[in-house]
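query38.pdb follows; it contains PDB, C-alpha atoms and all ligand atoms.
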```pdb
MODEL        1
ATOM      1  CA  MET L1228       8.399 -11.606  13.411  1.00  0.00           C
ATOM      2  CA  LYS L1229       6.548 -10.902  16.641  1.00  0.00           C
ATOM      3  CA  LEU L1230       2.801 -10.222  16.712  1.00  0.00           C
ATOM      4  CA  PHE L1231       1.152  -7.588  18.890  1.00  0.00           C
ATOM      5  CA  LEU L1232      -2.601  -7.063  19.184  1.00  0.00           C
ATOM      6  CA  ASP L1233      -3.834  -3.594  18.215  1.00  0.00           C
ATOM      7  CA  THR L1234      -6.771  -3.080  20.572  1.00  0.00           C
ATOM      8  CA  ALA L1235      -7.915  -1.796  23.941  1.00  0.00           C
ATOM      9  CA  ASN L1236     -10.612  -4.472  24.209  1.00  0.00           C
ATOM     10  CA  GLN L1237     -10.212  -6.838  27.145  1.00  0.00           C
ATOM     11  CA  ALA L1238     -12.034  -9.823  25.615  1.00  0.00           C
ATOM     12  CA  GLU L1239      -9.894  -9.603  22.465  1.00  0.00           C
ATOM     13  CA  VAL L1240      -6.640  -9.499  24.432  1.00  0.00           C
ATOM     14  CA  GLU L1241      -7.757 -12.431  26.584  1.00  0.00           C
ATOM     15  CA  ALA L1242      -8.691 -14.502  23.535  1.00  0.00           C
ATOM     16  CA  ALA L1243      -5.429 -13.746  21.714  1.00  0.00           C
ATOM     17  CA  VAL L1244      -3.333 -14.502  24.790  1.00  0.00           C
ATOM     18  CA  LYS L1245      -5.195 -17.806  25.142  1.00  0.00           C
ATOM     19  CA  MET L1246      -4.183 -18.663  21.567  1.00  0.00           C
ATOM     20  CA  GLY L1247      -0.587 -18.093  22.629  1.00  0.00           C
ATOM     21  CA  VAL L1248       0.444 -16.073  19.581  1.00  0.00           C
ATOM     22  CA  ILE L1249       0.755 -12.459  20.737  1.00  0.00           C
ATOM     23  CA  CYS L1250       3.488 -11.009  22.906  1.00  0.00           C
ATOM     24  CA  GLY L1251       2.437  -7.354  23.148  1.00  0.00           C
ATOM     25  CA  VAL L1252      -0.453  -4.907  22.761  1.00  0.00           C
ATOM     26  CA  THR L1253      -0.712  -1.468  21.177  1.00  0.00           C
ATOM     27  CA  THR L1254      -3.477   0.961  22.073  1.00  0.00           C
ATOM     28  CA  ASN L1255      -4.250   4.461  20.846  1.00  0.00           C
ATOM     29  CA  PRO L1256      -6.693   7.149  21.992  1.00  0.00           C
ATOM     30  CA  SER L1257      -9.312   6.119  19.399  1.00  0.00           C
ATOM     31  CA  LEU L1258      -9.175   2.471  20.484  1.00  0.00           C
ATOM     32  CA  VAL L1259      -9.364   3.393  24.180  1.00  0.00           C
ATOM     33  CA  ALA L1260     -12.287   5.771  23.571  1.00  0.00           C
ATOM     34  CA  LYS L1261     -14.321   2.889  22.098  1.00  0.00           C
ATOM     35  CA  GLU L1262     -14.098   0.925  25.367  1.00  0.00           C
ATOM     36  CA  GLY L1263     -15.806   1.684  28.671  1.00  0.00           C
ATOM     37  CA  GLY L1264     -14.529   1.052  32.184  1.00  0.00           C
ATOM     38  CA  ASP L1265     -11.351   2.026  33.949  1.00  0.00           C
ATOM     39  CA  TYR L1266      -8.663   2.481  31.315  1.00  0.00           C
ATOM     40  CA  ILE L1267      -5.738   2.530  33.735  1.00  0.00           C
ATOM     41  CA  GLN L1268      -6.867  -0.664  35.477  1.00  0.00           C
ATOM     42  CA  ARG L1269      -7.269  -2.371  32.102  1.00  0.00           C
ATOM     43  CA  VAL L1270      -3.793  -1.340  30.982  1.00  0.00           C
ATOM     44  CA  LYS L1271      -2.296  -2.768  34.167  1.00  0.00           C
ATOM     45  CA  TYR L1272      -4.301  -5.964  33.629  1.00  0.00           C
ATOM     46  CA  PHE L1273      -2.934  -6.228  30.046  1.00  0.00           C
ATOM     47  CA  CYS L1274       0.622  -5.767  31.384  1.00  0.00           C
ATOM     48  CA  ASP L1275       0.215  -8.735  33.736  1.00  0.00           C
ATOM     49  CA  LEU L1276      -1.778 -10.910  31.362  1.00  0.00           C
ATOM     50  CA  VAL L1277       0.385 -10.450  28.258  1.00  0.00           C
ATOM     51  CA  GLY L1278       3.717 -10.277  30.063  1.00  0.00           C
ATOM     52  CA  GLY L1279       5.141  -8.098  27.275  1.00  0.00           C
ATOM     53  CA  PRO L1280       5.137  -4.501  26.011  1.00  0.00           C
ATOM     54  CA  ILE L1281       1.850  -2.582  26.231  1.00  0.00           C
ATOM     55  CA  SER L1282       1.937   0.706  24.306  1.00  0.00           C
ATOM     56  CA  VAL L1283      -0.061   3.560  25.820  1.00  0.00           C
ATOM     57  CA  GLU L1284      -0.240   6.930  24.080  1.00  0.00           C
ATOM     58  CA  VAL L1285       0.284  10.342  25.686  1.00  0.00           C
ATOM     59  CA  LEU L1286      -2.219  13.068  24.813  1.00  0.00           C
ATOM     60  CA  ALA L1287      -0.280  16.240  25.663  1.00  0.00           C
ATOM     61  CA  ASN L1288       1.252  18.181  22.753  1.00  0.00           C
ATOM     62  CA  ASP L1289       3.914  20.048  24.701  1.00  0.00           C
ATOM     63  CA  ALA L1290       7.143  18.490  25.961  1.00  0.00           C
ATOM     64  CA  GLU L1291       6.455  19.198  29.618  1.00  0.00           C
ATOM     65  CA  GLY L1292       2.993  17.631  29.457  1.00  0.00           C
ATOM     66  CA  MET L1293       4.261  14.625  27.500  1.00  0.00           C
ATOM     67  CA  LEU L1294       7.009  13.999  30.031  1.00  0.00           C
ATOM     68  CA  ARG L1295       4.599  14.265  32.944  1.00  0.00           C
ATOM     69  CA  GLU L1296       2.078  11.862  31.382  1.00  0.00           C
ATOM     70  CA  ALA L1297       4.826   9.483  30.258  1.00  0.00           C
ATOM     71  CA  ARG L1298       6.403   9.244  33.704  1.00  0.00           C
ATOM     72  CA  GLU L1299       3.018   8.676  35.355  1.00  0.00           C
ATOM     73  CA  LEU L1300       2.105   5.939  32.892  1.00  0.00           C
ATOM     74  CA  ALA L1301       5.536   4.286  33.031  1.00  0.00           C
ATOM     75  CA  ALA L1302       5.282   4.100  36.813  1.00  0.00           C
ATOM     76  CA  LEU L1303       2.178   1.896  36.509  1.00  0.00           C
ATOM     77  CA  HIS L1304       4.037  -1.207  35.340  1.00  0.00           C
ATOM     78  CA  GLU L1305       7.405  -2.229  33.930  1.00  0.00           C
ATOM     79  CA  ASN L1306       5.756  -3.423  30.696  1.00  0.00           C
ATOM     80  CA  ILE L1307       4.350  -0.001  29.785  1.00  0.00           C
ATOM     81  CA  VAL L1308       5.726   1.537  26.579  1.00  0.00           C
ATOM     82  CA  ILE L1309       5.058   5.236  26.034  1.00  0.00           C
ATOM     83  CA  LYS L1310       3.601   5.968  22.620  1.00  0.00           C
ATOM     84  CA  LEU L1311       4.260   9.439  21.208  1.00  0.00           C
ATOM     85  CA  PRO L1312       3.299  10.856  17.785  1.00  0.00           C
ATOM     86  CA  ILE L1313       6.478  11.971  15.974  1.00  0.00           C
ATOM     87  CA  THR L1314       6.818  15.752  16.306  1.00  0.00           C
ATOM     88  CA  ALA L1315       9.660  18.170  17.011  1.00  0.00           C
ATOM     89  CA  GLU L1316       8.512  18.258  20.652  1.00  0.00           C
ATOM     90  CA  SER L1317       8.173  14.507  21.064  1.00  0.00           C
ATOM     91  CA  LEU L1318      11.611  13.642  19.665  1.00  0.00           C
ATOM     92  CA  ALA L1319      13.279  15.478  22.534  1.00  0.00           C
ATOM     93  CA  VAL L1320      10.902  13.748  24.944  1.00  0.00           C
ATOM     94  CA  ILE L1321      11.783  10.338  23.459  1.00  0.00           C
ATOM     95  CA  LYS L1322      15.458  11.129  23.985  1.00  0.00           C
ATOM     96  CA  GLN L1323      14.832  12.114  27.612  1.00  0.00           C
ATOM     97  CA  LEU L1324      12.631   9.084  28.358  1.00  0.00           C
ATOM     98  CA  THR L1325      15.224   6.777  26.800  1.00  0.00           C
ATOM     99  CA  ALA L1326      17.858   8.301  29.084  1.00  0.00           C
ATOM    100  CA  GLU L1327      15.546   7.529  32.026  1.00  0.00           C
ATOM    101  CA  GLY L1328      15.184   3.904  30.908  1.00  0.00           C
ATOM    102  CA  ILE L1329      11.549   4.328  29.815  1.00  0.00           C
ATOM    103  CA  LYS L1330      10.600   2.511  26.610  1.00  0.00           C
ATOM    104  CA  THR L1331       9.007   4.496  23.791  1.00  0.00           C
ATOM    105  CA  ASN L1332       6.997   3.855  20.631  1.00  0.00           C
ATOM    106  CA  ALA L1333       7.301   6.646  18.028  1.00  0.00           C
ATOM    107  CA  THR L1334       3.908   6.492  16.365  1.00  0.00           C
ATOM    108  CA  LEU L1335       2.078   8.033  13.406  1.00  0.00           C
ATOM    109  CA  CYS L1336       5.191   7.472  11.276  1.00  0.00           C
ATOM    110  CA  PHE L1337       4.541   8.110   7.584  1.00  0.00           C
ATOM    111  CA  SER L1338       8.042   8.630   6.132  1.00  0.00           C
ATOM    112  CA  ALA L1339      11.512   7.113   6.244  1.00  0.00           C
ATOM    113  CA  ASN L1340      12.871  10.430   7.473  1.00  0.00           C
ATOM    114  CA  GLN L1341      10.551  10.371  10.474  1.00  0.00           C
ATOM    115  CA  ALA L1342      11.785   6.829  11.179  1.00  0.00           C
ATOM    116  CA  ILE L1343      15.402   8.024  11.005  1.00  0.00           C
ATOM    117  CA  LEU L1344      14.626  10.784  13.510  1.00  0.00           C
ATOM    118  CA  ALA L1345      12.849   8.335  15.845  1.00  0.00           C
ATOM    119  CA  ALA L1346      15.875   6.023  15.779  1.00  0.00           C
ATOM    120  CA  GLN L1347      18.285   8.924  16.341  1.00  0.00           C
ATOM    121  CA  ALA L1348      16.249   9.976  19.369  1.00  0.00           C
ATOM    122  CA  GLY L1349      16.617   6.436  20.707  1.00  0.00           C
ATOM    123  CA  ALA L1350      13.018   5.209  20.346  1.00  0.00           C
ATOM    124  CA  THR L1351      12.528   1.578  21.340  1.00  0.00           C
ATOM    125  CA  TYR L1352       9.926   1.131  18.596  1.00  0.00           C
ATOM    126  CA  VAL L1353       8.759   3.018  15.513  1.00  0.00           C
ATOM    127  CA  SER L1354       5.246   2.492  14.156  1.00  0.00           C
ATOM    128  CA  PRO L1355       4.797   3.164  10.419  1.00  0.00           C
ATOM    129  CA  PHE L1356       1.082   3.166   9.483  1.00  0.00           C
ATOM    130  CA  VAL L1357       0.747   1.164   6.254  1.00  0.00           C
ATOM    131  CA  GLY L1358      -3.055   1.198   5.970  1.00  0.00           C
ATOM    132  CA  ARG L1359      -3.378   4.956   6.315  1.00  0.00           C
ATOM    133  CA  LEU L1360      -0.640   5.458   3.677  1.00  0.00           C
ATOM    134  CA  ASN L1361      -2.512   3.148   1.309  1.00  0.00           C
ATOM    135  CA  ASP L1362      -5.664   5.178   2.049  1.00  0.00           C
ATOM    136  CA  ILE L1363      -4.003   8.253   0.506  1.00  0.00           C
ATOM    137  CA  GLY L1364      -2.740   6.404  -2.562  1.00  0.00           C
ATOM    138  CA  GLN L1365       0.796   5.609  -1.378  1.00  0.00           C
ATOM    139  CA  ASP L1366       2.349   2.175  -0.879  1.00  0.00           C
ATOM    140  CA  GLY L1367       2.662   1.478   2.841  1.00  0.00           C
ATOM    141  CA  MET L1368       4.831  -1.590   2.355  1.00  0.00           C
ATOM    142  CA  THR L1369       7.402   0.403   0.362  1.00  0.00           C
ATOM    143  CA  LEU L1370       7.859   2.526   3.486  1.00  0.00           C
ATOM    144  CA  ILE L1371       8.478  -0.619   5.554  1.00  0.00           C
ATOM    145  CA  GLU L1372      11.117  -1.748   3.025  1.00  0.00           C
ATOM    146  CA  GLU L1373      12.817   1.657   3.178  1.00  0.00           C
ATOM    147  CA  ILE L1374      12.918   1.752   6.974  1.00  0.00           C
ATOM    148  CA  ARG L1375      14.192  -1.857   7.189  1.00  0.00           C
ATOM    149  CA  THR L1376      17.009  -1.055   4.735  1.00  0.00           C
ATOM    150  CA  ILE L1377      17.985   2.179   6.487  1.00  0.00           C
ATOM    151  CA  TYR L1378      17.949   0.635   9.962  1.00  0.00           C
ATOM    152  CA  ASP L1379      20.068  -2.294   8.716  1.00  0.00           C
ATOM    153  CA  ASN L1380      22.478   0.037   6.905  1.00  0.00           C
ATOM    154  CA  PHE L1381      23.305   1.872  10.103  1.00  0.00           C
ATOM    155  CA  GLY L1382      22.629  -0.719  12.786  1.00  0.00           C
ATOM    156  CA  TYR L1383      19.770   1.165  14.419  1.00  0.00           C
ATOM    157  CA  ASP L1384      18.202  -1.105  17.015  1.00  0.00           C
ATOM    158  CA  THR L1385      14.804   0.633  17.058  1.00  0.00           C
ATOM    159  CA  GLU L1386      12.268  -2.110  16.302  1.00  0.00           C
ATOM    160  CA  ILE L1387       9.830  -1.640  13.419  1.00  0.00           C
ATOM    161  CA  ILE L1388       6.172  -2.207  14.337  1.00  0.00           C
ATOM    162  CA  VAL L1389       4.062  -2.446  11.189  1.00  0.00           C
ATOM    163  CA  ALA L1390       0.858  -0.653  12.197  1.00  0.00           C
ATOM    164  CA  SER L1391      -2.491   0.238  10.654  1.00  0.00           C
ATOM    165  CA  VAL L1392      -2.749  -3.279   9.273  1.00  0.00           C
ATOM    166  CA  ARG L1393      -5.917  -3.857   7.254  1.00  0.00           C
ATOM    167  CA  SER L1394      -5.418  -7.302   5.706  1.00  0.00           C
ATOM    168  CA  PRO L1395      -3.758 -10.651   6.482  1.00  0.00           C
ATOM    169  CA  ARG L1396      -1.620 -10.276   3.328  1.00  0.00           C
ATOM    170  CA  GLN L1397       0.026  -7.205   4.885  1.00  0.00           C
ATOM    171  CA  VAL L1398       1.184  -9.398   7.775  1.00  0.00           C
ATOM    172  CA  THR L1399       2.839 -11.801   5.318  1.00  0.00           C
ATOM    173  CA  ASP L1400       4.445  -8.889   3.459  1.00  0.00           C
ATOM    174  CA  ALA L1401       5.718  -7.381   6.721  1.00  0.00           C
ATOM    175  CA  ALA L1402       7.338 -10.692   7.645  1.00  0.00           C
ATOM    176  CA  LEU L1403       8.904 -11.109   4.175  1.00  0.00           C
ATOM    177  CA  ILE L1404      10.432  -7.623   4.428  1.00  0.00           C
ATOM    178  CA  GLY L1405      11.826  -8.426   7.863  1.00  0.00           C
ATOM    179  CA  ALA L1406       9.806  -6.092  10.063  1.00  0.00           C
ATOM    180  CA  ASP L1407      10.339  -6.874  13.738  1.00  0.00           C
ATOM    181  CA  ILE L1408       6.667  -6.770  14.724  1.00  0.00           C
ATOM    182  CA  ALA L1409       3.216  -6.471  13.177  1.00  0.00           C
ATOM    183  CA  THR L1410       0.473  -5.061  15.388  1.00  0.00           C
ATOM    184  CA  ILE L1411      -2.848  -6.387  14.193  1.00  0.00           C
ATOM    185  CA  PRO L1412      -6.533  -5.946  14.983  1.00  0.00           C
ATOM    186  CA  TYR L1413      -8.247  -9.048  16.418  1.00  0.00           C
ATOM    187  CA  LYS L1414     -10.259  -9.415  13.199  1.00  0.00           C
ATOM    188  CA  ILE L1415      -7.047  -9.787  11.157  1.00  0.00           C
ATOM    189  CA  LEU L1416      -5.691 -12.316  13.651  1.00  0.00           C
ATOM    190  CA  MET L1417      -8.792 -14.460  13.131  1.00  0.00           C
ATOM    191  CA  GLN L1418      -8.500 -14.063   9.351  1.00  0.00           C
ATOM    192  CA  MET L1419      -4.910 -15.328   9.611  1.00  0.00           C
ATOM    193  CA  VAL L1420      -6.113 -18.456  11.402  1.00  0.00           C
ATOM    194  CA  GLY L1421      -8.762 -19.459   8.891  1.00  0.00           C
ATOM    195  CA  HIS L1422      -8.503 -21.006   5.425  1.00  0.00           C
ATOM    196  CA  PRO L1423     -11.397 -22.577   3.454  1.00  0.00           C
ATOM    197  CA  GLN L1424      -9.241 -25.603   2.598  1.00  0.00           C
ATOM    198  CA  THR L1425      -8.546 -26.171   6.297  1.00  0.00           C
ATOM    199  CA  ASP L1426     -12.307 -26.198   7.004  1.00  0.00           C
ATOM    200  CA  LEU L1427     -12.961 -28.526   4.054  1.00  0.00           C
ATOM    201  CA  GLY L1428     -10.097 -30.786   5.108  1.00  0.00           C
ATOM    202  CA  ILE L1429     -11.421 -31.115   8.667  1.00  0.00           C
ATOM    203  CA  ALA L1430     -14.927 -31.855   7.389  1.00  0.00           C
ATOM    204  CA  LYS L1431     -13.591 -34.564   5.037  1.00  0.00           C
ATOM    205  CA  PHE L1432     -11.454 -36.208   7.728  1.00  0.00           C
ATOM    206  CA  GLU L1433     -14.474 -36.277  10.059  1.00  0.00           C
ATOM    207  CA  ALA L1434     -16.764 -37.717   7.351  1.00  0.00           C
ATOM    208  CA  ASP L1435     -14.217 -40.391   6.361  1.00  0.00           C
ATOM    209  CA  TRP L1436     -13.638 -41.276  10.017  1.00  0.00           C
ATOM    210  CA  ALA L1437     -17.391 -41.687  10.573  1.00  0.00           C
ATOM    211  CA  LYS L1438     -17.519 -44.178   7.643  1.00  0.00           C
ATOM    212  CA  ARG L1439     -14.584 -46.297   8.893  1.00  0.00           C
ATOM    213  CA  ASN L1440     -14.902 -50.085   9.191  1.00  0.00           C
ATOM    214  CA  SER L1441     -14.861 -51.013  12.841  1.00  0.00           C
TER     215      SER L1441
HETATM  216  C1  LIG J   1      -0.905   1.364  15.951  1.00  0.00           C
HETATM  217  O1  LIG J   1      -0.216   1.448  16.937  1.00  0.00           O
HETATM  218  C2  LIG J   1      -2.215   2.004  15.791  1.00  0.00           C
HETATM  219  O2  LIG J   1      -2.948   1.848  16.983  1.00  0.00           O
HETATM  220  C3  LIG J   1      -3.060   1.400  14.709  1.00  0.00           C
HETATM  221  O3  LIG J   1      -2.385   0.400  14.006  1.00  0.00           O
HETATM  222  C4  LIG J   1      -3.814   2.366  13.876  1.00  0.00           C
HETATM  223  O4  LIG J   1      -4.523   1.687  12.876  1.00  0.00           O
HETATM  224  P1  LIG J   1      -5.690   2.337  12.020  1.00  0.00           P
HETATM  225  O5  LIG J   1      -5.073   3.138  10.939  1.00  0.00           O
HETATM  226  O6  LIG J   1      -6.440   1.162  11.470  1.00  0.00           O
HETATM  227  O7  LIG J   1      -6.497   3.176  12.967  1.00  0.00           O
ENDMDL
END
```
Let me see the file written as structure tokens.
Amino acid sequence: MKLFLDTANQAEVEAAVKMGVICGVTTNPSLVAKEGGDYIQRVKYFCDLVGGPISVEVLANDAEGMLREARELAALHENIVIKLPITAESLAVIKQLTAEGIKTNATLCFSANQAILAAQAGATYVSPFVGRLNDIGQDGMTLIEEIRTIYDNFGYDTEIIVASVRSPRQVTDAALIGADIATIPYKILMQMVGHPQTDLGIAKFEADWAKRNS
């Protein structure tokens, strides 16, 4: 399973790239709004630095506006992926962008039927939001299982990005199910790295080494 970083923060992307474990980035309007500076310049910087897909969301609600924004963003860099919330308008836009060779990420996916529609429209990626489903008392990981099964049943090549990840365990579960990608906040990435037994083990090795007979 591939790992993307879910952030618009430059320092976080730089640190994760340095670790060598992420191969893409997803942003959304809320994440971008938290950061200052020139958003477009930062997106282009991420494209070069990461060398993989960088999802950038359109804000228009109508097909014409979505297409205009998508084409402008896609022209910035070959690694740009256009993120569109799944709606009746956006599905047609996804189909058109796919025909133009522009990669898309069908986002805010909360049902298997939405994932079927995204795949039928030719989306490169679909992003089911597990954390937000859990927030309303549903089981986000069950949705990932359903989409994986459906996509395998029919050979859809749309890649599943497990999004709205709130715990390291959800990354493990996503990998066990066979999701293609998990997009994770930097905090979760750091939680994946650490384990108390690793820290204790390092401390013991260092203490034993210091006591060695020389
Ligand atoms: C994914 O592409 C989204 O940016 C993200 O995972 C949303 O997560 P949240 O529900 O924690 O805001």
**Request:** Please write as an MDAnalysis selection string the full residue list that the PyMOL selection byres (((not hetatm)) within 10 of (chain J and resi 1)) yields on this file.
**Result:** chainID L and resid 1231:1235 1252:1259 1282:1284 1310 1332:1336 1353:1362 1388:1393 1409:1412
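Take the PyMOL selection byres (((chain L and resi 1299) around 12) and not hetatm) and apply it to this file: it picks L:Ile1267, L:Val1283, L:Glu1284, L:Val1285, L:Gly1292, L:Met1293, L:Leu1294, L:Arg1295, L:Glu1296, L:Ala1297, L:Arg1298, L:Leu1300, L:Ala1301, L:Ala1302, L:Leu1303, L:His1304, L:Glu1305, L:Ile1307, L:Val1308, L:Ile1309, L:Leu1324, L:Ile1329.
Residues matched by the PyMOL selection byres (((chain L and resi 1319) around 12) and not hetatm) in this file are Asp1289, Ala1290, Glu1291, Met1293, Leu1294, Leu1311, Pro1312, Ile1313, Thr1314, Ala1315, Glu1316, Ser1317, Leu1318, Val1320, Ile1321, Lys1322, Gln1323, Leu1324, Thr1325, Ala1326, Thr1331, Ala1333, Leu1344, Ala1345, Ala1346, Gln1347, Ala1348, Gly1349 and Ala1350 of chain L.
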**CA of Thr1385 in chain L to CA of Thr1351 in chain L, straight-line distance in Å** =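 Computing it gives 4.9 Å between the two atoms.
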At a cut-off of 7 Å around the point (3.4, -15.0, 19.4) (file coordinates), what residues fall inside when counting all atoms listed in the file? I'd like the answer as a CSV table (one decimal) with C-alpha atoms, keeping the file's coordinate frame.
```csv
chain,number,residue,atom,x,y,z
L,1229,LYS,CA,6.5,-10.9,16.6
L,1230,LEU,CA,2.8,-10.2,16.7
L,1247,GLY,CA,-0.6,-18.1,22.6
L,1248,VAL,CA,0.4,-16.1,19.6
L,1249,ILE,CA,0.8,-12.5,20.7
L,1250,CYS,CA,3.5,-11.0,22.9
```
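Across the model, the gap from CA of Cys1274 in chain L to CA of Leu1416 in chain L is 19.9 Å.
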